[in-house]
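Structure file run05.cif (mmCIF, C-alpha atoms and all ligand atoms) follows.
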data_structure
loop_
_atom_site.label_atom_id
_atom_site.label_comp_id
_atom_site.auth_asym_id
_atom_site.auth_seq_id
_atom_site.Cartn_x
_atom_site.Cartn_y
_atom_site.Cartn_z
CA THR K 17 19.30 7.56 -33.74
CA LYS K 18 20.59 4.23 -34.87
CA HIS K 19 21.03 2.59 -31.51
CA PHE K 20 18.86 2.62 -28.48
CA PRO K 21 20.51 0.56 -25.74
CA LEU K 22 17.77 0.99 -23.20
CA ARG K 23 15.24 -0.33 -25.62
CA ARG K 24 17.51 -3.14 -26.66
CA THR K 25 18.16 -4.05 -23.06
CA ALA K 26 14.45 -3.83 -22.53
CA ARG K 27 13.65 -6.26 -25.30
CA ASP K 28 16.28 -8.70 -24.10
CA LEU K 29 14.90 -8.47 -20.64
CA VAL K 30 11.35 -9.07 -21.69
CA ALA K 31 12.41 -12.00 -23.85
CA ARG K 32 14.48 -13.52 -21.10
CA ARG K 33 11.85 -13.10 -18.45
CA ARG K 34 8.70 -13.61 -20.41
CA ARG K 35 7.96 -16.88 -18.73
CA SER K 36 8.25 -15.41 -15.26
CA VAL K 37 6.12 -12.34 -15.83
CA HIS K 38 3.49 -12.00 -13.14
CA ALA K 39 0.16 -10.27 -13.25
CA VAL K 40 -0.48 -7.27 -11.10
CA ASP K 41 -3.92 -6.09 -10.32
CA ASP K 42 -5.57 -2.93 -9.20
CA VAL K 43 -2.22 -1.27 -8.49
CA SER K 44 -2.24 2.48 -8.08
CA LEU K 45 0.73 4.52 -7.02
CA ARG K 46 2.01 8.06 -7.26
CA LEU K 47 5.70 8.95 -7.32
CA ARG K 48 6.57 12.49 -6.30
CA ARG K 49 9.69 14.35 -7.31
CA GLY K 50 12.19 14.74 -4.52
CA THR K 51 10.92 11.63 -2.75
CA VAL K 52 11.75 7.93 -2.56
CA THR K 53 8.85 5.49 -2.62
CA ALA K 54 9.64 1.94 -1.57
CA LEU K 55 7.71 -0.96 -3.04
CA VAL K 56 8.31 -3.87 -0.67
CA GLY K 57 7.40 -7.50 -1.18
CA GLU K 58 8.61 -11.06 -1.49
CA SER K 59 9.92 -12.40 -4.77
CA GLY K 60 6.98 -13.21 -6.98
CA SER K 61 4.79 -10.48 -5.49
CA GLY K 62 4.77 -8.59 -8.77
CA LYS K 63 6.92 -5.66 -7.69
CA SER K 64 9.35 -5.95 -10.60
CA THR K 65 6.40 -6.15 -12.93
CA VAL K 66 5.26 -2.78 -11.64
CA ALA K 67 8.67 -1.32 -12.53
CA ARG K 68 8.61 -2.89 -15.97
CA LEU K 69 5.11 -1.57 -16.61
CA LEU K 70 6.18 1.91 -15.53
CA ALA K 71 9.21 1.70 -17.82
CA GLN K 72 6.83 0.67 -20.60
CA LEU K 73 8.65 -2.60 -21.14
CA HIS K 74 5.30 -4.33 -20.91
CA PRO K 75 2.05 -2.99 -22.32
CA LEU K 76 -0.70 -2.23 -19.84
CA THR K 77 -3.79 -4.32 -20.37
CA SER K 78 -5.87 -1.77 -18.52
CA GLY K 79 -5.35 1.45 -16.62
CA GLU K 80 -2.92 4.23 -17.46
CA ILE K 81 0.40 5.84 -16.63
CA ARG K 82 0.81 9.58 -16.36
CA LEU K 83 4.05 11.51 -16.25
CA GLY K 84 3.67 15.01 -14.88
CA GLY K 85 -0.05 14.82 -15.60
CA GLU K 86 0.41 13.73 -19.22
CA PRO K 87 -0.72 10.25 -20.25
CA ALA K 88 2.25 8.12 -21.30
CA VAL K 89 2.06 7.01 -24.90
CA ALA K 90 3.26 3.57 -25.94
CA GLY K 91 4.77 2.83 -29.32
CA ARG K 92 7.91 4.12 -30.95
CA GLY K 93 7.17 7.79 -31.55
CA ARG K 94 8.62 11.02 -30.20
CA SER K 95 6.56 11.11 -27.02
CA PHE K 96 7.47 7.51 -26.24
CA ARG K 97 11.16 8.42 -26.59
CA ARG K 98 10.67 11.41 -24.34
CA TYR K 99 9.01 9.16 -21.78
CA VAL K 100 11.79 6.55 -21.74
CA ARG K 101 14.31 9.35 -21.41
CA ARG K 102 12.56 10.75 -18.37
CA VAL K 103 11.87 7.41 -16.73
CA GLN K 104 15.08 5.44 -16.30
CA LEU K 105 15.49 1.94 -14.93
CA ILE K 106 18.33 0.69 -12.79
CA PHE K 107 18.66 -3.05 -12.60
CA GLN K 108 19.60 -5.38 -9.82
CA ASP K 109 22.68 -6.76 -11.52
CA PRO K 110 25.01 -4.00 -12.70
CA PHE K 111 27.29 -6.54 -14.34
CA ALA K 112 24.56 -7.79 -16.63
CA SER K 113 23.42 -4.28 -17.50
CA LEU K 114 26.86 -3.14 -18.71
CA ASN K 115 28.42 -4.54 -21.85
CA PRO K 116 31.66 -6.29 -20.81
CA VAL K 117 33.53 -5.39 -24.00
CA HIS K 118 33.02 -1.65 -23.57
CA THR K 119 34.58 0.90 -21.25
CA VAL K 120 32.84 3.28 -18.88
CA ARG K 121 33.59 6.07 -21.37
CA TYR K 122 31.78 4.17 -24.11
CA HIS K 123 28.69 3.48 -22.00
CA LEU K 124 28.36 7.04 -20.79
CA THR K 125 29.17 8.68 -24.14
CA ARG K 126 26.57 6.57 -25.81
CA ALA K 127 23.93 7.47 -23.24
CA LEU K 128 24.73 11.19 -23.60
CA LYS K 129 24.65 11.02 -27.41
CA ILE K 130 21.38 9.12 -27.55
CA HIS K 131 19.74 11.72 -25.39
CA GLY K 132 21.32 14.62 -27.25
CA ARG K 133 23.34 15.71 -24.25
CA ALA K 134 26.91 15.04 -25.40
CA GLY K 135 27.57 18.73 -26.07
CA SER K 136 29.42 20.15 -29.03
CA GLY K 137 33.01 19.10 -29.34
CA GLU K 138 35.49 16.99 -27.42
CA THR K 139 36.03 19.37 -24.51
CA GLU K 140 32.37 19.64 -23.71
CA LEU K 141 31.91 15.88 -23.97
CA GLU K 142 34.84 15.31 -21.59
CA GLN K 143 33.32 17.80 -19.17
CA ASN K 144 29.93 16.10 -19.34
CA LEU K 145 31.47 12.68 -18.78
CA ALA K 146 33.40 13.99 -15.79
CA ASP K 147 30.21 15.58 -14.42
CA LEU K 148 28.36 12.26 -14.61
CA LEU K 149 31.10 10.40 -12.75
CA ASN K 150 31.40 13.15 -10.16
CA ARG K 151 27.67 12.92 -9.56
CA VAL K 152 27.98 9.26 -8.64
CA GLN K 153 31.14 9.92 -6.63
CA LEU K 154 33.51 8.01 -8.89
CA THR K 155 36.38 10.42 -8.52
CA PRO K 156 38.67 11.46 -9.97
CA PRO K 157 36.73 10.69 -13.18
CA GLN K 158 39.91 10.14 -15.23
CA GLN K 159 40.60 7.11 -13.09
CA PHE K 160 37.36 5.40 -14.14
CA LEU K 161 36.61 6.52 -17.70
CA ASP K 162 38.77 3.97 -19.47
CA LYS K 163 38.03 1.02 -17.22
CA PHE K 164 36.07 -2.03 -18.33
CA PRO K 165 33.21 -3.34 -16.19
CA HIS K 166 35.27 -6.28 -14.89
CA GLU K 167 37.90 -3.85 -13.59
CA LEU K 168 35.37 -2.28 -11.26
CA SER K 169 33.84 -3.46 -8.00
CA GLY K 170 30.14 -4.30 -7.84
CA GLY K 171 29.40 -0.99 -6.15
CA GLN K 172 31.40 0.93 -8.75
CA ARG K 173 29.56 -0.86 -11.54
CA GLN K 174 26.22 0.05 -10.03
CA ARG K 175 27.42 3.66 -9.82
CA VAL K 176 28.31 3.56 -13.51
CA ALA K 177 24.82 2.18 -14.27
CA ILE K 178 23.34 5.06 -12.25
CA ALA K 179 25.57 7.58 -14.08
CA ARG K 180 24.39 6.18 -17.38
CA ALA K 181 20.77 6.61 -16.30
CA LEU K 182 21.55 10.19 -15.25
CA GLY K 183 22.97 10.77 -18.74
CA ALA K 184 19.35 10.89 -19.91
CA ASP K 185 18.54 13.70 -17.47
CA PRO K 186 15.63 11.71 -16.02
CA GLN K 187 12.82 12.80 -13.71
CA VAL K 188 12.08 9.30 -12.46
CA LEU K 189 14.44 6.48 -11.48
CA LEU K 190 13.01 3.00 -11.15
CA ALA K 191 15.52 1.09 -9.05
CA ASP K 192 14.73 -2.62 -8.94
CA GLU K 193 16.63 -4.14 -5.99
CA PRO K 194 19.60 -1.87 -6.77
CA VAL K 195 21.74 -3.08 -3.88
CA SER K 196 20.63 -6.65 -3.24
CA MET K 197 23.45 -8.15 -5.31
CA LEU K 198 26.09 -5.92 -3.76
CA ASP K 199 28.29 -6.64 -0.80
CA VAL K 200 26.55 -5.74 2.45
CA SER K 201 29.35 -3.33 3.34
CA ILE K 202 28.74 -1.13 0.30
CA ARG K 203 24.94 -1.20 0.12
CA LEU K 204 24.50 1.78 2.36
CA GLY K 205 26.86 3.89 0.24
CA VAL K 206 24.81 3.26 -2.90
CA LEU K 207 21.51 3.97 -1.11
CA ASN K 208 22.96 7.18 0.30
CA LEU K 209 24.08 8.18 -3.18
CA LEU K 210 20.55 7.64 -4.53
CA ARG K 211 19.13 9.66 -1.67
CA ASP K 212 21.57 12.45 -2.38
CA LEU K 213 20.63 12.42 -6.08
CA LYS K 214 16.95 12.54 -5.17
CA GLU K 215 17.60 15.78 -3.30
CA ARG K 216 20.00 17.42 -5.72
CA LEU K 217 18.28 16.45 -8.97
CA HIS K 218 14.76 16.48 -7.57
CA LEU K 219 14.17 12.93 -8.76
CA ALA K 220 11.22 10.70 -8.05
CA ILE K 221 12.67 7.33 -7.10
CA LEU K 222 10.83 4.03 -6.94
CA TYR K 223 12.89 1.74 -4.75
CA ILE K 224 11.92 -1.89 -5.18
CA THR K 225 13.09 -4.20 -2.42
CA HIS K 226 12.30 -7.27 -0.38
CA ASP K 227 14.09 -5.69 2.58
CA ILE K 228 11.58 -3.70 4.63
CA ALA K 229 14.25 -2.42 7.03
CA SER K 230 16.06 -0.67 4.19
CA ALA K 231 12.75 0.90 3.13
CA ARG K 232 12.41 2.42 6.56
CA TYR K 233 15.89 3.85 6.36
CA PHE K 234 15.81 5.03 2.79
CA ALA K 235 12.26 5.72 1.61
CA ASP K 236 9.87 8.55 2.42
CA THR K 237 6.83 6.47 1.56
CA THR K 238 6.49 2.71 1.76
CA LEU K 239 4.06 0.53 -0.15
CA VAL K 240 3.76 -3.16 0.64
CA MET K 241 2.89 -5.56 -2.13
CA TYR K 242 1.45 -9.03 -1.78
CA ALA K 243 0.38 -11.37 -4.57
CA GLY K 244 0.07 -8.67 -7.21
CA ARG K 245 -1.67 -6.06 -5.06
CA ILE K 246 -0.55 -3.22 -2.86
CA VAL K 247 -1.91 -4.05 0.58
CA GLU K 248 -0.60 -1.20 2.73
CA GLY K 249 0.86 2.22 2.22
CA GLY K 250 1.91 5.33 4.05
CA ASP K 251 4.79 7.23 5.52
CA SER K 252 7.75 4.83 5.87
CA GLU K 253 8.21 5.51 9.55
CA ARG K 254 4.54 4.73 10.26
CA VAL K 255 4.30 1.66 8.07
CA THR K 256 7.44 0.13 9.55
CA GLN K 257 6.88 1.15 13.18
CA HIS K 258 3.13 0.56 13.25
CA PRO K 259 2.39 -1.92 10.48
CA ALA K 260 -1.36 -2.27 10.08
CA HIS K 261 -1.74 -5.11 7.57
CA PRO K 262 -1.09 -8.60 8.95
CA TYR K 263 1.25 -9.26 6.02
CA THR K 264 3.36 -6.19 6.82
CA GLN K 265 3.39 -7.30 10.45
CA LEU K 266 4.66 -10.71 9.34
CA LEU K 267 7.38 -9.12 7.18
CA ILE K 268 8.60 -7.02 10.07
CA ALA K 269 8.39 -9.82 12.61
CA SER K 270 10.44 -12.08 10.36
CA ALA K 271 13.14 -9.50 9.57
CA PRO K 272 16.31 -10.69 11.33
CA ASP K 273 16.80 -7.31 12.98
CA PRO K 274 14.17 -4.69 12.21
CA ASP K 275 16.43 -1.91 13.49
CA ARG K 276 19.29 -2.58 11.13
CA VAL K 277 19.69 -0.31 8.16
CA VAL K 278 20.40 -2.86 5.47
CA ALA K 279 20.07 -6.61 5.62
CA GLU K 280 22.99 -8.63 6.92
CA GLU K 281 21.76 -11.47 4.79
CA ASP K 282 19.14 -11.69 2.16
CA GLN K 283 16.05 -13.32 3.41
CA GLU K 284 13.34 -13.33 0.84
CA GLU K 285 10.98 -15.81 2.38
CA THR K 286 9.13 -15.11 5.57
CA GLY K 287 9.09 -18.70 6.79
CA THR K 288 5.35 -18.93 7.30
CA GLY K 289 4.21 -20.26 4.00
CA GLU K 290 4.87 -19.45 0.39
CA PRO K 291 3.41 -16.59 -1.60
CA PRO K 292 0.56 -17.77 -3.80
CA SER K 293 0.63 -18.20 -7.53
CA LEU K 294 -0.42 -15.05 -9.34
CA ILE K 295 -2.00 -17.11 -12.06
CA THR K 296 -4.63 -18.52 -9.69
CA PRO K 297 -4.57 -16.22 -6.66
CA PRO K 298 -6.74 -17.11 -3.65
CA ALA K 299 -10.23 -15.65 -3.64
CA GLY K 300 -11.20 -12.87 -1.26
CA CYS K 301 -8.18 -11.42 0.51
CA ARG K 302 -5.20 -12.99 -1.26
CA PHE K 303 -3.37 -13.25 2.05
CA HIS K 304 -6.08 -15.22 3.82
CA PRO K 305 -4.43 -18.67 3.58
CA ARG K 306 -1.42 -17.32 5.51
CA CYS K 307 -3.16 -14.78 7.72
CA PRO K 308 -3.30 -15.49 11.47
CA LYS K 309 -6.25 -13.07 11.79
CA ALA K 310 -8.35 -14.29 8.87
CA MET K 311 -12.11 -14.10 9.33
CA GLU K 312 -14.90 -15.77 7.41
CA ARG K 313 -15.49 -12.88 5.00
CA CYS K 314 -11.76 -12.78 4.14
CA ARG K 315 -12.17 -16.00 2.17
CA THR K 316 -14.65 -14.54 -0.27
CA GLU K 317 -14.61 -10.73 -0.22
CA PRO K 318 -11.51 -8.85 -1.38
CA PRO K 319 -10.91 -6.04 1.14
CA PRO K 320 -10.89 -2.43 -0.14
CA ARG K 321 -8.45 0.18 1.15
CA PHE K 322 -9.28 1.53 4.57
CA ASP K 323 -7.77 4.85 5.58
CA LEU K 324 -6.07 4.90 8.96
CA SER K 325 -4.41 7.91 10.52
CA ASP K 326 -1.67 10.16 9.06
CA GLY K 327 -2.14 9.01 5.49
CA GLN K 328 -1.56 5.36 6.28
CA TRP K 329 -3.96 2.87 4.73
CA ALA K 330 -4.43 -0.88 4.61
CA ALA K 331 -6.49 -3.22 2.46
CA CYS K 332 -7.68 -5.45 5.29
CA TRP K 333 -11.08 -6.18 6.80
CA LEU K 334 -9.72 -5.60 10.31
CA TYR K 335 -10.05 -1.89 9.61
CA ASP K 336 -13.60 -1.93 8.39
CA GLY K 337 -15.07 0.73 10.66
CA ALA K 338 -18.57 -0.16 9.52
CA ALA K 339 -18.23 -3.77 10.65
CA ALA K 340 -20.84 -5.36 12.89
CA ASN K 341 -19.02 -4.57 16.13
CA GLY K 342 -19.22 -0.89 15.29
CA THR K 343 -15.75 -0.04 16.58
CA GLU K 344 -13.62 2.74 15.14
CA PRO K 345 -10.90 1.70 12.73
CA VAL K 346 -7.82 0.88 14.77
CA ALA K 347 -4.40 1.87 13.56
CA ASP K 348 -2.43 -0.33 15.94
CA PRO K 349 -4.10 -3.66 16.59
CA ALA K 350 -0.91 -4.74 18.40
FE1 LIG I 1 -6.08 -11.19 7.20
FE2 LIG I 1 -8.61 -10.84 6.53
FE3 LIG I 1 -7.01 -8.73 6.77
FE4 LIG I 1 -6.75 -10.41 4.74
S1 LIG I 1 -8.49 -9.09 5.16
S2 LIG I 1 -5.12 -9.58 5.96
S3 LIG I 1 -7.19 -12.37 5.71
S4 LIG I 1 -7.63 -10.14 8.41
MG MG I 2 12.21 -8.98 -8.92
#
Would you write the structure of this file as structure tokens?
Amino acid sequence: TKHFPLRRTARDLVARRRRSVHAVDDVSLRLRRGTVTALVGESGSGKSTVARLLAQLHPLTSGEIRLGGEPAVAGRGRSFRRYVRRVQLIFQDPFASLNPVHTVRYHLTRALKIHGRAGSGETELEQNLADLLNRVQLTPPQQFLDKFPHELSGGQRQRVAIARALGADPQVLLADEPVSMLDVSIRLGVLNLLRDLKERLHLAILYITHDIASARYFADTTLVMYAGRIVEGGDSERVTQHPAHPYTQLLIASAPDPDRVVAEEDQEETGTGEPPSLITPPAGCRFHPRCPKAMERCRTEPPPRFDLSDGQWAACWLYDGAAANGTEPVADPA
């Protein structure tokens, strides 16, 4: 194959963002097929870095990635190509991810050809193109195939970007803030489409967002990231209704309306201090300078994960069941 747009996009992206790459540390997560996992955090928490590591746009300095039990191999060989076919990224800005001089037909044909899925002959290609557009509900397909990106709405462009990712027949979709640049009125439609694709195509979706309310609506599992670490995880309903970690509690308390489905406005900062630099993170619990419940040990000892009930866990000393007071771990300090 002469061209490899994903890889080219990838290189551009790494080059453009090299200076803002943040370290992540001790991050462990499992994506299951047929489920959406939300990774929630403020900008600068390292959540996009996790997506870029999973897409193999950045090399891991330690640790490993497995896909269906098999270790992912870096490099440029056959198994790397198989990996990048199975693990597709969807970016925040659909306008930037589509080439403005090319039509929808061009983008999708190219994706199908690269992944050997164009079929034999014109008729089969047309059918496959129509299938992709039908899957993302751009119908009738003939109305969209010969359009240029600027002739589409933001939501339609993101649907084309999703269709292009589906052209690879992926198992995993990494969606980095896929709706945050879209008009509020169409965000729900795109999230519902992704949820529908998760079911029908049995995809594992990583949904990266700063909007915890949308995670509750859209994700099966929610992980909360702070300063390069995942600090809480569990079933989305539990994590959002009974947040255990003080940072998650802060995120929920500062959401304009925790019961809304998608944000009315983007609000990335929580208003009670800035996230720390990942280059020199605070010692101990990285949240301690902002934590209203910080204790002495929080300043020096990084908290491990403590298991709560129903699969929920939090990396916070409040849940240390073996602490001096001898109380049981509490799931709902509020
Ligand atoms: Fe707050 Fe301490 Fe828990 Fe960190 S470990 S979130 S500082 S109580
Ligand atoms: Mg980001």
Of the listed residues K:Ala260, K:Leu148, K:Ala310, K:Leu83, that which approaches Tyr99 of chain K most closely, counting all atoms listed in the file: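 The answer is K:Leu83, which sits nearest to Tyr99 of chain K.
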Nearby residues, ligand LIG 1 (chain I), 9 Å, all atoms listed in the file, as a PyMOL selection string: chain K and resi 247+261-263+300-315+317-320+330-335
Interatomic distance, atom CA of Thr316 of chain K to atom CA of Ile246 of chain K (Å, one decimal):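 Calculated distance between atom CA of Thr316 of chain K and atom CA of Ile246 of chain K is 18.3 Å.
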Separation of atom CA of Leu209 of chain K from atom CA of Tyr223 of chain K, in Å and rounded to one decimal: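 About the pair atom CA of Leu209 of chain K and atom CA of Tyr223 of chain K: they are 13.0 Å apart.
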At a cut-off of 8 Å, can you tabulate as JSON lines every residue of chain K near ligand MG 2 (chain I) together with its closest atom pair and the distance in Å to one decimal, using all atoms listed in the file and ordering rows by chain then number?
{"residue": "K:Ser59", "atom": "CA", "partner": "I:MG2", "partner_atom": "MG", "distance": 5.8}
{"residue": "K:Gly60", "atom": "CA", "partner": "I:MG2", "partner_atom": "MG", "distance": 7.0}
{"residue": "K:Gly62", "atom": "CA", "partner": "I:MG2", "partner_atom": "MG", "distance": 7.5}
{"residue": "K:Lys63", "atom": "CA", "partner": "I:MG2", "partner_atom": "MG", "distance": 6.4}
{"residue": "K:Ser64", "atom": "CA", "partner": "I:MG2", "partner_atom": "MG", "distance": 4.5}
{"residue": "K:Thr65", "atom": "CA", "partner": "I:MG2", "partner_atom": "MG", "distance": 7.6}
{"residue": "K:Asp192", "atom": "CA", "partner": "I:MG2", "partner_atom": "MG", "distance": 6.8}
{"residue": "K:Glu193", "atom": "CA", "partner": "I:MG2", "partner_atom": "MG", "distance": 7.2}
Proximity to Ser78 of chain K - best of K:Pro116, K:Ser270, K:Val40, K:Glu248, only C-alpha atoms: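 The closest residue to Ser78 of chain K is K:Val40.
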